[in-house]
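S.K.: Here's a structure for you.
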Protein chains: 2
Amino acid sequence: MDMFAETLKQKGLKATKFRKTLLKTFSDCNSSLTTNEVVKNLEDRYNKATIYRAIYSFEKNGIIHQVPDAKGLSRYAICMDNCSRGIHHHLHAHLICNRCNQTYCIQEISVPSLSNTYGLNIENAELTLKGNCRSCRL
Amino acid sequence: MDMFAETLKQKGLKATKFRKTLLKTFSDCNSSLTTNEVVKNLEDRYNKATIYRAIYSFEKNGIIHQVPDAKGLSRYAICMDNCSRGIHHHLHAHLICNRCNQTYCIQEISVPSLSNTYGLNIENAELTLKGNCRSCRL
DNA sequence: TTTTAAACGCAACCAAGTTGCATTTGAAAG
DNA sequence: CTTTCAAATGCAACTTGGTTGCGTTTAAAA
């Protein structure tokens, strides 16, 4: 549990018991989690408002990043890249599986670089794919 | 108003007064509209449930397509491509403007073709850009 | 003109997410 | 090792976006 505490402090967040648990939850997940899935996992022990606030601050401090969701819910995955406060730099695509509705980070597919195309001053691009994930493809 | 009636019938929808108004609303808009913006426009004349149901059926029948929204709301734009029931084929990117939070279809930028990359069986790809729209760029 | 499935209006409901405020706690300072 | 206090948490009430069931109206085919 102490490596989670380390990560949290390094990102400038107080390492509470709850936050270590939350970080472990995301860290253990090989795909992504909706806020509600987290709430369902932890609501017997922690309050909904606390969970929402912590997820918000994890996102803001580069610990997790938002990923698209099949039904438009808030969904997050742990940052594999070395993100920091206010600066996420994910260049990978996201796959929404048509069967299990999970969202996966696909590190192997990167988003096209379009920074100043047509003078649109693009500072971020997201590539979202719909298909079948490895588990559901069988 | 009769060209709107034509479009509706052609897409297999009954051409009610409300639906013609709704189609005109999307047709007149050069960017996109959230469901709520439509509700605010029309709620003095039409019921919220009716509006939600009509938008759902417009989407399903290839009249409008969902576009990403800065705050995660449901947002739609008219189909410029010739879409039909259950079959949308939009290959263009979408731009979310950082300043006005509007979403625009960018016909000039197309999404990469990735159909069977890595065996993921990709049947749809979305490219979402964040930057500044033409009006806000000044 | 008649008929009827589809569309509409109303009201109640649901789920996701937010807010204000009182209480608790991690960790820095003494 | 204690004290201190800003930051984090719990609780409860609330807001917003969206949905559902059902009775009534209406477009358009016969």
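Residues in the structure tokens are named by chain (A, B, ... in the order shown) and by number from 1 within that chain; ligands are numbered from 1 in the order shown.
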When the cut-off is 9 Å and we count only C-alpha atoms (C1' of nucleotides), which residues of chain C are near chain B, given as a ChimeraX atom specification?

M.R.: /C:6-10

S.K.: Print the selection's residues with C-alpha atoms (C1' of nucleotides) to a file, as a JSON list (two decimals), in the first residue's frame.

M.R.:
```
[["chain", "number", "residue", "atom", "x", "y", "z"],
["C", 6, "DA", "C1'", -48.12, 6.65, -34.60],
["C", 7, "DA", "C1'", -47.23, 10.82, -32.24],
["C", 8, "DC", "C1'", -48.05, 13.86, -28.42],
["C", 9, "DG", "C1'", -48.88, 15.89, -23.56],
["C", 10, "DC", "C1'", -48.80, 15.30, -18.85]]
```

S.K.: Write down as a ChimeraX atom specification the residues belonging to segment 15-109 of chain B that are assigned strand (DSSP E) by DSSP computed on the backbone.

M.R.: /B:33-34,64-67,75-78,92-97,103-109

S.K.: I need the residues from that last selection saved to file as a PDB file, in the first residue's frame (with C-alpha atoms), if you can.

M.R.:
```
ATOM      1  CA  LEU B  33     -27.469  21.603 -30.475  1.00  0.00           C
ATOM      2  CA  THR B  34     -27.784  19.872 -27.132  1.00  0.00           C
ATOM      3  CA  ILE B  64     -29.176  13.897 -37.259  1.00  0.00           C
ATOM      4  CA  HIS B  65     -26.054  12.364 -35.724  1.00  0.00           C
ATOM      5  CA  GLN B  66     -24.684  12.591 -32.235  1.00  0.00           C
ATOM      6  CA  VAL B  67     -21.558  14.687 -31.809  1.00  0.00           C
ATOM      7  CA  ARG B  75     -25.583  16.923 -28.662  1.00  0.00           C
ATOM      8  CA  TYR B  76     -26.621  16.499 -32.288  1.00  0.00           C
ATOM      9  CA  ALA B  77     -25.971  17.932 -35.733  1.00  0.00           C
ATOM     10  CA  ILE B  78     -27.803  17.491 -39.003  1.00  0.00           C
ATOM     11  CA  HIS B  92     -15.492  13.703 -40.664  1.00  0.00           C
ATOM     12  CA  ALA B  93     -13.875  14.895 -37.448  1.00  0.00           C
ATOM     13  CA  HIS B  94     -15.613  16.976 -34.792  1.00  0.00           C
ATOM     14  CA  LEU B  95     -14.184  20.067 -33.188  1.00  0.00           C
ATOM     15  CA  ILE B  96     -15.075  21.172 -29.672  1.00  0.00           C
ATOM     16  CA  CYS B  97     -14.219  24.837 -29.252  1.00  0.00           C
ATOM     17  CA  THR B 103     -19.177  21.370 -31.398  1.00  0.00           C
ATOM     18  CA  TYR B 104     -18.629  21.680 -35.155  1.00  0.00           C
ATOM     19  CA  CYS B 105     -18.462  19.091 -37.909  1.00  0.00           C
ATOM     20  CA  ILE B 106     -15.164  19.452 -39.767  1.00  0.00           C
ATOM     21  CA  GLN B 107     -15.795  17.934 -43.169  1.00  0.00           C
ATOM     22  CA  GLU B 108     -12.214  18.717 -44.240  1.00  0.00           C
ATOM     23  CA  ILE B 109     -10.651  16.387 -41.680  1.00  0.00           C
TER      24      ILE B 109
END
```

S.K.: I need the chain D residues near chain A as a PyMOL selection string; criterion: at most 8 Å, counting only C-alpha atoms (C1' of nucleotides).

M.R.: chain D and resi 7+9-10

S.K.: Take the residues just selected and output them with C-alpha atoms (C1' of nucleotides) as an mmCIF file, in the first residue's frame.

M.R.:
```cif
data_model
loop_
_atom_site.group_PDB
_atom_site.id
_atom_site.type_symbol
_atom_site.label_atom_id
_atom_site.label_comp_id
_atom_site.auth_asym_id
_atom_site.auth_seq_id
_atom_site.Cartn_x
_atom_site.Cartn_y
_atom_site.Cartn_z
ATOM 1 C "C1'" DA D 7 -7.484 19.536 3.548
ATOM 2 C "C1'" DT D 9 -14.602 13.243 4.551
ATOM 3 C "C1'" DG D 10 -19.645 12.204 5.740
#
```

S.K.: Which chain B residues are at most 8 Å from chain A (counting only C-alpha atoms), as a ChimeraX atom specification?

M.R.: /B:72,120-134,137

S.K.: Could you write out that same residue set with N, CA and C atoms as an mmCIF file, in the first residue's frame?

M.R.:
```
data_model
loop_
_atom_site.group_PDB
_atom_site.id
_atom_site.type_symbol
_atom_site.label_atom_id
_atom_site.label_comp_id
_atom_site.auth_asym_id
_atom_site.auth_seq_id
_atom_site.Cartn_x
_atom_site.Cartn_y
_atom_site.Cartn_z
ATOM 1 N N GLY B 72 -20.249 16.616 -21.824
ATOM 2 C CA GLY B 72 -20.814 15.266 -21.792
ATOM 3 C C GLY B 72 -22.313 15.186 -22.017
ATOM 4 N N LEU B 120 -9.229 -6.008 -33.964
ATOM 5 C CA LEU B 120 -10.221 -5.424 -33.041
ATOM 6 C C LEU B 120 -11.587 -5.291 -33.697
ATOM 7 N N ASN B 121 -11.623 -5.609 -35.017
ATOM 8 C CA ASN B 121 -12.918 -5.630 -35.680
ATOM 9 C C ASN B 121 -13.623 -4.280 -35.600
ATOM 10 N N ILE B 122 -12.905 -3.234 -35.902
ATOM 11 C CA ILE B 122 -13.403 -1.872 -35.713
ATOM 12 C C ILE B 122 -14.457 -1.529 -36.750
ATOM 13 N N GLU B 123 -15.648 -1.180 -36.284
ATOM 14 C CA GLU B 123 -16.696 -0.845 -37.239
ATOM 15 C C GLU B 123 -17.046 0.639 -37.208
ATOM 16 N N ASN B 124 -16.377 1.377 -36.341
ATOM 17 C CA ASN B 124 -16.655 2.800 -36.258
ATOM 18 C C ASN B 124 -15.494 3.519 -35.586
ATOM 19 N N ALA B 125 -15.140 4.690 -36.107
ATOM 20 C CA ALA B 125 -14.084 5.473 -35.478
ATOM 21 C C ALA B 125 -14.503 6.932 -35.424
ATOM 22 N N GLU B 126 -14.197 7.560 -34.310
ATOM 23 C CA GLU B 126 -14.536 8.967 -34.098
ATOM 24 C C GLU B 126 -13.271 9.737 -33.793
ATOM 25 N N LEU B 127 -13.137 10.897 -34.415
ATOM 26 C CA LEU B 127 -11.982 11.745 -34.143
ATOM 27 C C LEU B 127 -12.478 13.073 -33.591
ATOM 28 N N THR B 128 -12.135 13.332 -32.340
ATOM 29 C CA THR B 128 -12.614 14.536 -31.669
ATOM 30 C C THR B 128 -11.458 15.466 -31.356
ATOM 31 N N LEU B 129 -11.565 16.692 -31.802
ATOM 32 C CA LEU B 129 -10.490 17.664 -31.626
ATOM 33 C C LEU B 129 -10.919 18.752 -30.663
ATOM 34 N N LYS B 130 -9.982 19.248 -29.879
ATOM 35 C CA LYS B 130 -10.276 20.421 -29.065
ATOM 36 C C LYS B 130 -9.375 21.560 -29.514
ATOM 37 N N GLY B 131 -9.985 22.683 -29.786
ATOM 38 C CA GLY B 131 -9.229 23.822 -30.279
ATOM 39 C C GLY B 131 -10.108 25.050 -30.311
ATOM 40 N N ASN B 132 -9.932 25.898 -31.320
ATOM 41 C CA ASN B 132 -10.765 27.099 -31.418
ATOM 42 C C ASN B 132 -11.490 27.120 -32.742
ATOM 43 N N CYS B 133 -12.753 27.428 -32.676
ATOM 44 C CA CYS B 133 -13.546 27.498 -33.900
ATOM 45 C C CYS B 133 -13.266 28.811 -34.610
ATOM 46 N N ARG B 134 -13.778 28.925 -35.823
ATOM 47 C CA ARG B 134 -13.480 30.102 -36.639
ATOM 48 C C ARG B 134 -13.941 31.400 -35.982
ATOM 49 N N ARG B 137 -11.647 32.324 -32.866
ATOM 50 C CA ARG B 137 -10.224 32.381 -33.115
ATOM 51 C C ARG B 137 -9.713 33.827 -33.233
#
```

S.K.: Contacts of DC14 of chain D at 9 Å or less, counting only C-alpha atoms (C1' of nucleotides), minus same-chain residues fewer than 2 places along, as a list in words?

M.R.: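 These residues fall inside the cut-off: DT18 and DT19 of chain C; DA12 of chain D.
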
S.K.: Write to file, as a PDB file, in the first residue's frame, the residues of the selection just made, with N, CA and C atoms (P, O5', C5', C4', C3', O3' and C1' of nucleotides).

M.R.:
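As written to disk, again-v2.pdb reads:
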```
ATOM      1  P    DT C  18     -20.394  16.522 -10.946  1.00  0.00           P
ATOM      2  O5'  DT C  18     -21.336  17.288  -9.898  1.00  0.00           O
ATOM      3  C5'  DT C  18     -22.427  18.046 -10.396  1.00  0.00           C
ATOM      4  C4'  DT C  18     -22.963  18.917  -9.282  1.00  0.00           C
ATOM      5  C3'  DT C  18     -21.887  19.668  -8.497  1.00  0.00           C
ATOM      6  O3'  DT C  18     -22.329  21.015  -8.447  1.00  0.00           O
ATOM      7  C1'  DT C  18     -23.286  18.470  -7.009  1.00  0.00           C
ATOM      8  P    DT C  19     -21.436  22.184  -7.811  1.00  0.00           P
ATOM      9  O5'  DT C  19     -22.081  22.440  -6.378  1.00  0.00           O
ATOM     10  C5'  DT C  19     -23.492  22.450  -6.252  1.00  0.00           C
ATOM     11  C4'  DT C  19     -23.846  22.753  -4.803  1.00  0.00           C
ATOM     12  C3'  DT C  19     -22.762  23.490  -4.017  1.00  0.00           C
ATOM     13  O3'  DT C  19     -23.385  24.534  -3.281  1.00  0.00           O
ATOM     14  C1'  DT C  19     -23.355  21.501  -2.899  1.00  0.00           C
TER      15       DT C  19
ATOM     16  P    DA D  12     -27.847  11.466   6.984  1.00  0.00           P
ATOM     17  O5'  DA D  12     -28.639  12.714   6.408  1.00  0.00           O
ATOM     18  C5'  DA D  12     -28.324  14.033   6.846  1.00  0.00           C
ATOM     19  C4'  DA D  12     -28.836  15.014   5.814  1.00  0.00           C
ATOM     20  C3'  DA D  12     -30.053  14.519   5.024  1.00  0.00           C
ATOM     21  O3'  DA D  12     -30.901  15.637   4.767  1.00  0.00           O
ATOM     22  C1'  DA D  12     -28.355  15.036   3.530  1.00  0.00           C
TER      23       DA D  12
END
```

S.K.: In Å, rounded to a single decimal, give me how far atom CA of Gly86 of chain B is from atom CA of Asn61 of chain B.

M.R.: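 Interatomic distance here is 6.1 Å.
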
S.K.: What gap, in Å, lies between atom CA of Tyr52 of chain A and atom CA of Leu8 of chain A?

M.R.: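 Between atom CA of Tyr52 of chain A and atom CA of Leu8 of chain A the gap is 16.8 Å.
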
S.K.: Tell me which protein, DNA and RNA residues are within 12 Å of DT3 of chain C, counting only C-alpha atoms (C1' of nucleotides), leaving out same-chain ones fewer than 6 positions away, and put them as a PyMOL selection string.

M.R.: chain D and resi 26-30

S.K.: Could you dump the residues just selected with N, CA and C atoms (P, O5', C5', C4', C3', O3' and C1' of nucleotides) as a PDB file, in the first residue's frame?

M.R.:
```pdb
ATOM      1  P    DT D  26     -55.076  17.542 -32.336  1.00  0.00           P
ATOM      2  O5'  DT D  26     -54.333  16.642 -33.428  1.00  0.00           O
ATOM      3  C5'  DT D  26     -52.926  16.444 -33.342  1.00  0.00           C
ATOM      4  C4'  DT D  26     -52.497  15.514 -34.460  1.00  0.00           C
ATOM      5  C3'  DT D  26     -53.102  15.856 -35.814  1.00  0.00           C
ATOM      6  O3'  DT D  26     -52.094  15.662 -36.779  1.00  0.00           O
ATOM      7  C1'  DT D  26     -53.498  13.610 -35.328  1.00  0.00           C
ATOM      8  P    DA D  27     -51.900  16.678 -38.028  1.00  0.00           P
ATOM      9  O5'  DA D  27     -51.076  15.770 -39.038  1.00  0.00           O
ATOM     10  C5'  DA D  27     -49.864  15.161 -38.588  1.00  0.00           C
ATOM     11  C4'  DA D  27     -49.643  13.854 -39.315  1.00  0.00           C
ATOM     12  C3'  DA D  27     -49.748  13.930 -40.827  1.00  0.00           C
ATOM     13  O3'  DA D  27     -48.721  13.103 -41.340  1.00  0.00           O
ATOM     14  C1'  DA D  27     -51.368  12.398 -39.994  1.00  0.00           C
ATOM     15  P    DA D  28     -48.333  13.085 -42.901  1.00  0.00           P
ATOM     16  O5'  DA D  28     -49.219  11.871 -43.441  1.00  0.00           O
ATOM     17  C5'  DA D  28     -48.898  10.546 -43.029  1.00  0.00           C
ATOM     18  C4'  DA D  28     -49.982   9.609 -43.511  1.00  0.00           C
ATOM     19  C3'  DA D  28     -50.366   9.800 -44.996  1.00  0.00           C
ATOM     20  O3'  DA D  28     -50.669   8.519 -45.520  1.00  0.00           O
ATOM     21  C1'  DA D  28     -52.265   9.912 -43.701  1.00  0.00           C
ATOM     22  P    DA D  29     -49.823   7.873 -46.715  1.00  0.00           P
ATOM     23  O5'  DA D  29     -50.403   6.393 -46.798  1.00  0.00           O
ATOM     24  C5'  DA D  29     -50.422   5.583 -45.615  1.00  0.00           C
ATOM     25  C4'  DA D  29     -51.703   4.759 -45.562  1.00  0.00           C
ATOM     26  C3'  DA D  29     -52.206   4.302 -46.933  1.00  0.00           C
ATOM     27  O3'  DA D  29     -52.628   2.935 -46.833  1.00  0.00           O
ATOM     28  C1'  DA D  29     -53.896   5.540 -45.834  1.00  0.00           C
ATOM     29  P    DA D  30     -53.293   2.149 -48.090  1.00  0.00           P
ATOM     30  O5'  DA D  30     -54.820   2.062 -47.685  1.00  0.00           O
ATOM     31  C5'  DA D  30     -55.168   1.562 -46.392  1.00  0.00           C
ATOM     32  C4'  DA D  30     -56.692   1.564 -46.245  1.00  0.00           C
ATOM     33  C3'  DA D  30     -57.434   1.002 -47.457  1.00  0.00           C
ATOM     34  O3'  DA D  30     -58.527   0.217 -46.999  1.00  0.00           O
ATOM     35  C1'  DA D  30     -58.116   3.242 -47.064  1.00  0.00           C
TER      36       DA D  30
END
```

S.K.: I'd like the interatomic distance between atom C1' of DC1 of chain D and atom C1' of DG26 of chain C, to a tenth of an Å.

M.R.: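 About the pair atom C1' of DC1 of chain D and atom C1' of DG26 of chain C: they are 15.5 Å apart.
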
S.K.: Apply DSSP to the backbone of this structure and, from segment 51-108 of chain B, keep only the residues in helix (DSSP H, G or I); write these as a ChimeraX atom specification.

M.R.: /B:51-60

S.K.: Using only C-alpha atoms (C1' of nucleotides), which residues sit within 12 Å of DC13 of chain C once same-chain residues fewer than 4 positions away are excluded, as a compact mmCIF listing (two decimals) with N, CA and C atoms (P, O5', C5', C4', C3', O3' and C1' of nucleotides), in the first residue's frame?

M.R.:
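New file selection-v7.txt:
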```
# COMPACT_ATOMS: atom_id res chain seq x y z
P DG D 18 -29.47 14.87 -21.72
O5' DG D 18 -30.50 13.72 -21.36
C5' DG D 18 -30.03 12.61 -20.58
C4' DG D 18 -31.22 11.82 -20.13
C3' DG D 18 -32.20 11.41 -21.24
O3' DG D 18 -32.14 9.99 -21.36
C1' DG D 18 -33.30 12.06 -19.24
P DT D 19 -33.17 9.18 -22.29
O5' DT D 19 -34.27 8.69 -21.26
C5' DT D 19 -33.86 8.02 -20.07
C4' DT D 19 -35.07 7.40 -19.40
C3' DT D 19 -36.01 6.66 -20.35
O3' DT D 19 -36.29 5.40 -19.72
C1' DT D 19 -37.23 8.27 -19.10
P DT D 20 -37.10 4.26 -20.49
O5' DT D 20 -38.52 4.24 -19.76
C5' DT D 20 -38.61 4.57 -18.39
C4' DT D 20 -40.07 4.48 -17.96
C3' DT D 20 -40.99 3.73 -18.92
O3' DT D 20 -41.88 2.95 -18.15
C1' DT D 20 -41.79 5.93 -18.61
P DG D 21 -42.77 1.77 -18.78
O5' DG D 21 -44.23 2.23 -18.33
C5' DG D 21 -44.42 2.87 -17.08
C4' DG D 21 -45.86 3.35 -16.96
C3' DG D 21 -46.88 2.58 -17.81
O3' DG D 21 -48.10 2.56 -17.09
C1' DG D 21 -46.79 4.84 -18.53
```

S.K.: Set the distance at 9 Å and use only C-alpha atoms (C1' of nucleotides): which residues neighbour Lys60 of chain A once local chain neighbours fewer than 5 positions away are removed? I'd like the list as a PyMOL selection string.

M.R.: chain A and resi 55+65+84-88

S.K.: Would you put the residues from that selection into a file with N, CA and C atoms, as a compact mmCIF listing (two decimals), in the first residue's frame?

M.R.:
```
# COMPACT_ATOMS: atom_id res chain seq x y z
N ILE A 55 -12.17 11.39 -7.41
CA ILE A 55 -11.97 11.10 -8.83
C ILE A 55 -11.66 12.39 -9.58
N HIS A 65 -7.18 9.35 -16.28
CA HIS A 65 -7.68 10.19 -17.37
C HIS A 65 -9.05 9.70 -17.79
N SER A 84 0.94 14.93 -15.32
CA SER A 84 1.09 15.73 -14.11
C SER A 84 -0.06 16.72 -14.01
N ARG A 85 -0.02 17.52 -12.96
CA ARG A 85 -1.11 18.45 -12.68
C ARG A 85 -1.51 19.28 -13.90
N GLY A 86 -2.73 19.08 -14.36
CA GLY A 86 -3.24 19.88 -15.47
C GLY A 86 -2.71 19.48 -16.83
N ILE A 87 -1.75 18.56 -16.85
CA ILE A 87 -1.18 18.17 -18.14
C ILE A 87 -1.27 16.67 -18.39
N HIS A 88 -2.24 16.31 -19.21
CA HIS A 88 -2.34 14.92 -19.64
C HIS A 88 -1.74 14.84 -21.04
```
